Amino acid sequence: MLDKNLKSFPKDFLWGASTSAYQVEGANLSYGKGPSCQDVKELPEGTASLDICADHYHRYEEDIALMAEMGFKTYRFSIAWTRLLPEGTGKVNQEGIDHYNKVIDTCLKYHIEPLVTMFHFDMPDALDQRGSWSNRESVDWFVNFAKVMFENFGDRVKYWLTINEQNMLTLVGPLIGTLRIPEGTTNILKETYQQNHHMLLAQAKAMVMLHEMYPESKIGPAPNISLVYPASCKPEDQLAAQEYNAIRNWFYLDMAVYGVYNNLVWRYLEEHDATPDILEGDMDIMKAAHPDFIGFNYYSTATVQASAPSDDVDPGADQQTARGEAGYYKGYNNPNLMKTEFGWEIDPLGFRATMREMYSRYRLPMIVTENGLGAYDTLTEDGKIHDNYRIAYLKTHIEQLKLAVSDGVEMMGYCPWSAIDLVSTHEGIRKRYGFIYVDTTDEKTGTLNRYRKDSFYWYKKVIKTNGEDLD
């Protein structure tokens, strides 16, 4: 389409970047922190353990100072549940409270708005052993955790995210080490969506509680959203795309925003005898929650075609690769898109299309909470990292972000993944995303010195010009 009269980013646009506690902090069983499901899972062979990561726990002041040098307006990070509550419930670990108070205060010292993720793939192991999200008590566990956070940090944290990528917890939970299926379960799909129902309840209650405790604060969900294309103009492919869009994307946002189960997903669950058990009052709780904004992670779109019940379909390898389910849809490699070194399709225009579709459906302000390029970065002998490929990726996405703003989409901010190098969920430190290089590898711990990548200086210029200078 023809775009001549482009709008500028809002003056208060929140430029920043993201991390998560278990992937960046290290000190995973230190200073009173209990084990999470991430600490006890079997890591993929050849990937770094989580005891050091980028050592952000000890180096947060240095790291936040570097973020301030880039000009960050916000820093999205998560709070480790077991750093505050080592057993998931019960006694509070004061060392954990003190640590995050210092992180938050350091952000504010540099005029960086903390954007806090409440749950990022790290269920306490003690609660995992009690059934994790399978146990309906998990709703109360999470609400108690939220209360501890709000009571200790709510006076300074104004922006909260509830559950990172709840749709991925549901769709590819085993991959990221978070889905616990009770022994003897016969209908795994029903069990999975029952756990999802408990997460939705927990999220809704946390939203209501924050609004009661701090009426001026803002809270929203943070799913991974990938608009789904049909593989062709065949009507059957269009229906398949609608099915996968509902299952992958709209189901979670329909519930978060409207408090209703998506009709296509509900029909899909009925067909598999997998509808969750809903107690009296559950849906009232859902409808009482009103998110103030939508956070979302975007890496690529998806493409599907129609599938017959007899088809042999690929269930998908990770969060972004093509997925399928016989009788509904099957993944299709889009020939119009390039791929990253790690096999993820690159689709900047799909980024704009995703934002337009989300805004037309939900009419809430939105903030990008993840977007980025995982790549093999090389540290030169003179301490440089020439990551022009990352700059090119981010530039094309920010261009589309600006076009979405011109389309009338209400965007609050942009927080690519990640602020600094960290341990990727299942591909280790070798899959680097950060603006800041951390001298360490999956094979051995290095100096952990920080180095500014070329993208560091580029993003600094982008922020200084409020997105006007992308060259």
# chains A, B, ... in the order shown; residues from 1 in each chain; ligands from 1
$ residues_around --residues "region 294-310 of chain A" --least-positions-apart "2" --cutoff "7 Å" --atoms "only C-alpha atoms" --output "PyMOL selection string"
chain A and resi 220-231+236-237+240-241+312+320+322+326-334+345-347+350+364-372
$ write_last_selection --atoms "N, CA and C atoms" --output "compact mmCIF listing (two decimals), in the first residue's frame"
# COMPACT_ATOMS: atom_id res chain seq x y z
N GLY A 220 -0.84 -6.22 31.97
CA GLY A 220 -1.33 -6.87 30.76
C GLY A 220 -0.68 -8.22 30.56
N PRO A 221 -1.20 -9.02 29.64
CA PRO A 221 -0.63 -10.33 29.32
C PRO A 221 0.57 -10.17 28.39
N ALA A 222 1.30 -11.27 28.15
CA ALA A 222 2.45 -11.21 27.24
C ALA A 222 2.56 -12.51 26.44
N PRO A 223 1.59 -12.79 25.57
CA PRO A 223 1.68 -14.00 24.74
C PRO A 223 2.66 -13.83 23.59
N ASN A 224 2.99 -14.93 22.94
CA ASN A 224 3.79 -14.93 21.72
C ASN A 224 2.80 -14.96 20.56
N ILE A 225 2.74 -13.88 19.79
CA ILE A 225 1.74 -13.78 18.74
C ILE A 225 2.40 -13.85 17.36
N SER A 226 1.95 -14.79 16.56
CA SER A 226 2.40 -14.93 15.18
C SER A 226 1.17 -15.04 14.29
N LEU A 227 0.88 -14.00 13.56
CA LEU A 227 -0.25 -14.05 12.64
C LEU A 227 -0.08 -15.23 11.69
N VAL A 228 -1.16 -15.94 11.43
CA VAL A 228 -1.10 -17.15 10.60
C VAL A 228 -1.66 -16.86 9.21
N TYR A 229 -0.85 -17.15 8.19
CA TYR A 229 -1.26 -17.00 6.81
C TYR A 229 -1.81 -18.33 6.27
N PRO A 230 -2.78 -18.27 5.33
CA PRO A 230 -3.11 -19.47 4.57
C PRO A 230 -2.06 -19.70 3.49
N ALA A 231 -1.75 -20.94 3.20
CA ALA A 231 -0.71 -21.27 2.22
C ALA A 231 -1.12 -20.92 0.79
N GLU A 236 -10.16 -23.83 1.74
CA GLU A 236 -9.79 -24.79 2.79
C GLU A 236 -8.57 -24.31 3.57
N ASP A 237 -7.62 -23.68 2.88
CA ASP A 237 -6.43 -23.17 3.55
C ASP A 237 -6.78 -21.96 4.43
N ALA A 240 -8.15 -23.32 7.55
CA ALA A 240 -7.06 -23.87 8.36
C ALA A 240 -6.31 -22.76 9.08
N ALA A 241 -6.09 -21.64 8.38
CA ALA A 241 -5.41 -20.50 9.00
C ALA A 241 -6.24 -19.92 10.14
N ASP A 312 -0.12 -37.21 7.99
CA ASP A 312 0.99 -37.33 8.93
C ASP A 312 1.61 -35.94 9.04
N GLN A 320 8.45 -21.21 17.12
CA GLN A 320 8.22 -20.51 15.87
C GLN A 320 8.20 -21.39 14.63
N ALA A 322 6.98 -24.31 11.94
CA ALA A 322 5.66 -24.71 11.45
C ALA A 322 5.11 -25.89 12.25
N ALA A 326 -3.44 -33.07 12.49
CA ALA A 326 -4.23 -33.76 11.47
C ALA A 326 -5.70 -33.41 11.58
N GLY A 327 -6.30 -33.08 10.44
CA GLY A 327 -7.70 -32.74 10.40
C GLY A 327 -7.98 -31.26 10.58
N TYR A 328 -6.94 -30.48 10.94
CA TYR A 328 -7.14 -29.04 11.19
C TYR A 328 -6.22 -28.19 10.32
N TYR A 329 -4.94 -28.39 10.43
CA TYR A 329 -3.99 -27.58 9.68
C TYR A 329 -2.64 -28.30 9.71
N LYS A 330 -1.79 -27.94 8.75
CA LYS A 330 -0.42 -28.44 8.80
C LYS A 330 0.53 -27.33 8.36
N GLY A 331 1.68 -27.31 9.00
CA GLY A 331 2.63 -26.25 8.75
C GLY A 331 3.13 -26.25 7.31
N TYR A 332 3.46 -25.04 6.86
CA TYR A 332 3.88 -24.84 5.46
C TYR A 332 5.04 -23.85 5.47
N ASN A 333 6.17 -24.24 4.88
CA ASN A 333 7.31 -23.33 4.79
C ASN A 333 7.02 -22.26 3.76
N ASN A 334 6.99 -21.03 4.19
CA ASN A 334 6.64 -19.92 3.31
C ASN A 334 7.82 -19.62 2.37
N GLU A 345 11.67 -18.18 10.35
CA GLU A 345 11.36 -17.30 9.23
C GLU A 345 11.40 -15.83 9.67
N ILE A 346 11.82 -14.97 8.75
CA ILE A 346 11.94 -13.54 9.01
C ILE A 346 10.86 -12.82 8.23
N ASP A 347 9.98 -12.12 8.91
CA ASP A 347 8.83 -11.51 8.24
C ASP A 347 8.49 -10.14 8.85
N GLY A 350 4.97 -9.04 8.17
CA GLY A 350 4.05 -9.78 9.02
C GLY A 350 3.94 -9.18 10.41
N LEU A 364 -6.63 -2.07 22.44
CA LEU A 364 -5.88 -1.71 23.64
C LEU A 364 -4.48 -1.26 23.22
N PRO A 365 -3.86 -0.39 24.02
CA PRO A 365 -2.46 -0.05 23.73
C PRO A 365 -1.62 -1.32 23.77
N MET A 366 -0.54 -1.34 22.99
CA MET A 366 0.30 -2.54 22.91
C MET A 366 1.77 -2.16 23.05
N ILE A 367 2.54 -3.09 23.60
CA ILE A 367 3.97 -2.93 23.68
C ILE A 367 4.64 -4.23 23.23
N VAL A 368 5.64 -4.11 22.40
CA VAL A 368 6.39 -5.28 21.94
C VAL A 368 7.34 -5.69 23.06
N THR A 369 7.15 -6.89 23.59
CA THR A 369 7.96 -7.33 24.73
C THR A 369 9.09 -8.27 24.33
N GLU A 370 9.07 -8.77 23.10
CA GLU A 370 10.21 -9.50 22.53
C GLU A 370 10.14 -9.40 21.02
N ASN A 371 11.30 -9.27 20.41
CA ASN A 371 11.48 -9.32 18.96
C ASN A 371 12.97 -9.25 18.74
N GLY A 372 13.53 -10.15 17.97
CA GLY A 372 14.97 -10.07 17.81
C GLY A 372 15.52 -11.21 16.98
$ residues_around --residues "Ala68 (chain A)" --least-positions-apart "2" --cutoff "9 Å" --atoms "only C-alpha atoms" --output "list in words"
Asp63, Ile64, Ala65, Leu66, Met70, Gly71, Phe72, Lys73, Cys107, Tyr110, His111 and Ile112 of chain A
$ write_last_selection --atoms "N, CA and C atoms" --output "short mmCIF file (atom, residue, chain, number, x, y, z; two decimals), in the first residue's frame"
data_model
loop_
_atom_site.label_atom_id
_atom_site.label_comp_id
_atom_site.auth_asym_id
_atom_site.auth_seq_id
_atom_site.Cartn_x
_atom_site.Cartn_y
_atom_site.Cartn_z
N ASP A 63 25.19 -3.56 34.03
CA ASP A 63 24.32 -3.79 32.88
C ASP A 63 23.29 -2.68 32.70
N ILE A 64 22.68 -2.25 33.79
CA ILE A 64 21.67 -1.19 33.68
C ILE A 64 22.33 0.13 33.30
N ALA A 65 23.56 0.35 33.74
CA ALA A 65 24.29 1.55 33.32
C ALA A 65 24.52 1.53 31.81
N LEU A 66 24.81 0.35 31.26
CA LEU A 66 24.97 0.23 29.81
C LEU A 66 23.64 0.47 29.10
N MET A 70 22.64 3.46 26.35
CA MET A 70 21.89 3.33 25.09
C MET A 70 20.69 4.26 25.06
N GLY A 71 20.24 4.69 26.23
CA GLY A 71 19.10 5.60 26.28
C GLY A 71 17.79 4.94 26.63
N PHE A 72 17.83 3.72 27.17
CA PHE A 72 16.60 2.98 27.47
C PHE A 72 15.60 3.85 28.24
N LYS A 73 14.34 3.73 27.85
CA LYS A 73 13.24 4.33 28.60
C LYS A 73 12.58 3.31 29.51
N CYS A 107 17.26 1.07 38.11
CA CYS A 107 16.55 1.51 36.91
C CYS A 107 16.04 2.94 37.07
N TYR A 110 18.37 5.85 36.75
CA TYR A 110 18.70 6.22 35.36
C TYR A 110 17.45 6.62 34.56
N HIS A 111 16.34 6.82 35.26
CA HIS A 111 15.08 7.20 34.61
C HIS A 111 14.62 6.14 33.62
N ILE A 112 14.85 4.89 33.98
CA ILE A 112 14.39 3.74 33.20
C ILE A 112 13.18 3.13 33.90
#
$ select_by_dssp --residues "region 241-430 of chain A" --states "strand (DSSP E or B)" --output "VMD selection string"
chain A and resid 294 to 297 302 to 305 325 329 to 331 338 to 339 345 to 346 366 to 370 375 411 to 414 417 420 424 428
$ write_last_selection --atoms "C-alpha atoms" --output "mmCIF file, in the first residue's frame"
data_model
loop_
_atom_site.group_PDB
_atom_site.id
_atom_site.type_symbol
_atom_site.label_atom_id
_atom_site.label_comp_id
_atom_site.auth_asym_id
_atom_site.auth_seq_id
_atom_site.Cartn_x
_atom_site.Cartn_y
_atom_site.Cartn_z
ATOM 1 C CA ILE A 294 -1.257 -5.994 25.669
ATOM 2 C CA GLY A 295 2.381 -7.028 25.724
ATOM 3 C CA PHE A 296 3.346 -9.447 22.976
ATOM 4 C CA ASN A 297 6.398 -11.275 21.686
ATOM 5 C CA ALA A 302 3.219 -18.838 10.584
ATOM 6 C CA THR A 303 1.785 -20.364 7.409
ATOM 7 C CA VAL A 304 -0.526 -23.373 7.240
ATOM 8 C CA GLN A 305 -2.555 -25.345 4.771
ATOM 9 C CA GLU A 325 -2.565 -31.174 13.661
ATOM 10 C CA TYR A 329 -3.986 -27.581 9.679
ATOM 11 C CA LYS A 330 -0.420 -28.441 8.800
ATOM 12 C CA GLY A 331 2.633 -26.249 8.749
ATOM 13 C CA MET A 338 14.172 -15.895 4.457
ATOM 14 C CA LYS A 339 15.213 -17.760 7.604
ATOM 15 C CA GLU A 345 11.364 -17.301 9.231
ATOM 16 C CA ILE A 346 11.945 -13.535 9.014
ATOM 17 C CA MET A 366 0.297 -2.537 22.913
ATOM 18 C CA ILE A 367 3.974 -2.932 23.682
ATOM 19 C CA VAL A 368 6.394 -5.283 21.942
ATOM 20 C CA THR A 369 7.959 -7.328 24.731
ATOM 21 C CA GLU A 370 10.207 -9.496 22.532
ATOM 22 C CA ALA A 375 22.723 -15.486 15.730
ATOM 23 C CA MET A 411 1.850 1.385 20.413
ATOM 24 C CA MET A 412 3.400 2.066 23.824
ATOM 25 C CA GLY A 413 6.898 0.765 23.288
ATOM 26 C CA TYR A 414 9.400 -1.651 21.815
ATOM 27 C CA TRP A 417 15.007 -9.644 22.917
ATOM 28 C CA ILE A 420 22.318 -8.553 26.861
ATOM 29 C CA SER A 424 18.341 -19.219 25.187
ATOM 30 C CA GLY A 428 22.220 -22.080 24.930
#
$ residues_around --residues "region 128-130 of chain A" --least-positions-apart "5" --cutoff "9 Å" --atoms "only C-alpha atoms" --output "NGL selection string"
:A and (36-37 or 123 or 135 or 178 or 180)
$ closest_residue --among "A:Asp122, A:Asp282, A:Asp311, A:Glu191" --to "Trp81 (chain A)" --atoms "only C-alpha atoms"
A:Asp122
$ atom_distance --atom1 "CA of Asp387 (chain A)" --atom2 "CA of Ser455 (chain A)"
6.4 Å
$ residues_around --residues "region 163-174 of chain A" --least-positions-apart "4" --cutoff "10 Å" --atoms "only C-alpha atoms" --output "count of residues only"
45
$ atom_distance --atom1 "CA of Glu341 (chain A)" --atom2 "CA of Gly374 (chain A)"
7.7 Å
$ closest_residue --among "A:Val148, A:Ala289, A:Ala21, A:Met283" --to "Val92 (chain A)" --atoms "only C-alpha atoms"
A:Val148
$ select_by_dssp --residues "region 84-271 of chain A" --states "helix (DSSP H, G or I)" --output "PyMOL selection string"
chain A and resi 84+94-109+125-128+132-134+138-153+166-171+188-213+235-258+263-271
$ closest_residue --among "A:Leu394, A:Ile429, A:Leu470, A:Leu201" --to "Gly46 (chain A)" --atoms "only C-alpha atoms"
A:Ile429
$ closest_residue --among "A:His426, A:Tyr359, A:Leu379, A:Tyr433" --to "Tyr451 (chain A)" --atoms "only C-alpha atoms"
A:Leu379
$ closest_residue --among "A:Lys218, A:Lys33, A:Arg363, A:Lys402" --to "Leu349 (chain A)" --atoms "only C-alpha atoms"
A:Lys402
$ residues_around --residues "Glu113 (chain A)" --least-positions-apart "3" --cutoff "9 Å" --atoms "only C-alpha atoms" --output "PyMOL selection string"
chain A and resi 14+72-76+104+107-108+110+156-159
$ write_last_selection --atoms "C-alpha atoms" --output "compact mmCIF listing (two decimals), in the first residue's frame"
# COMPACT_ATOMS: atom_id res chain seq x y z
CA LEU A 14 9.08 3.27 25.72
CA PHE A 72 16.60 2.98 27.47
CA LYS A 73 13.24 4.33 28.60
CA THR A 74 12.21 0.94 30.00
CA TYR A 75 13.79 -2.38 30.95
CA ARG A 76 11.66 -5.48 30.84
CA ILE A 104 14.29 -1.43 40.50
CA CYS A 107 16.55 1.51 36.91
CA LEU A 108 14.79 4.51 38.39
CA TYR A 110 18.70 6.22 35.36
CA ARG A 156 7.71 1.98 42.16
CA VAL A 157 6.79 -0.49 39.41
CA LYS A 158 4.00 0.96 37.28
CA TYR A 159 3.96 -1.59 34.46
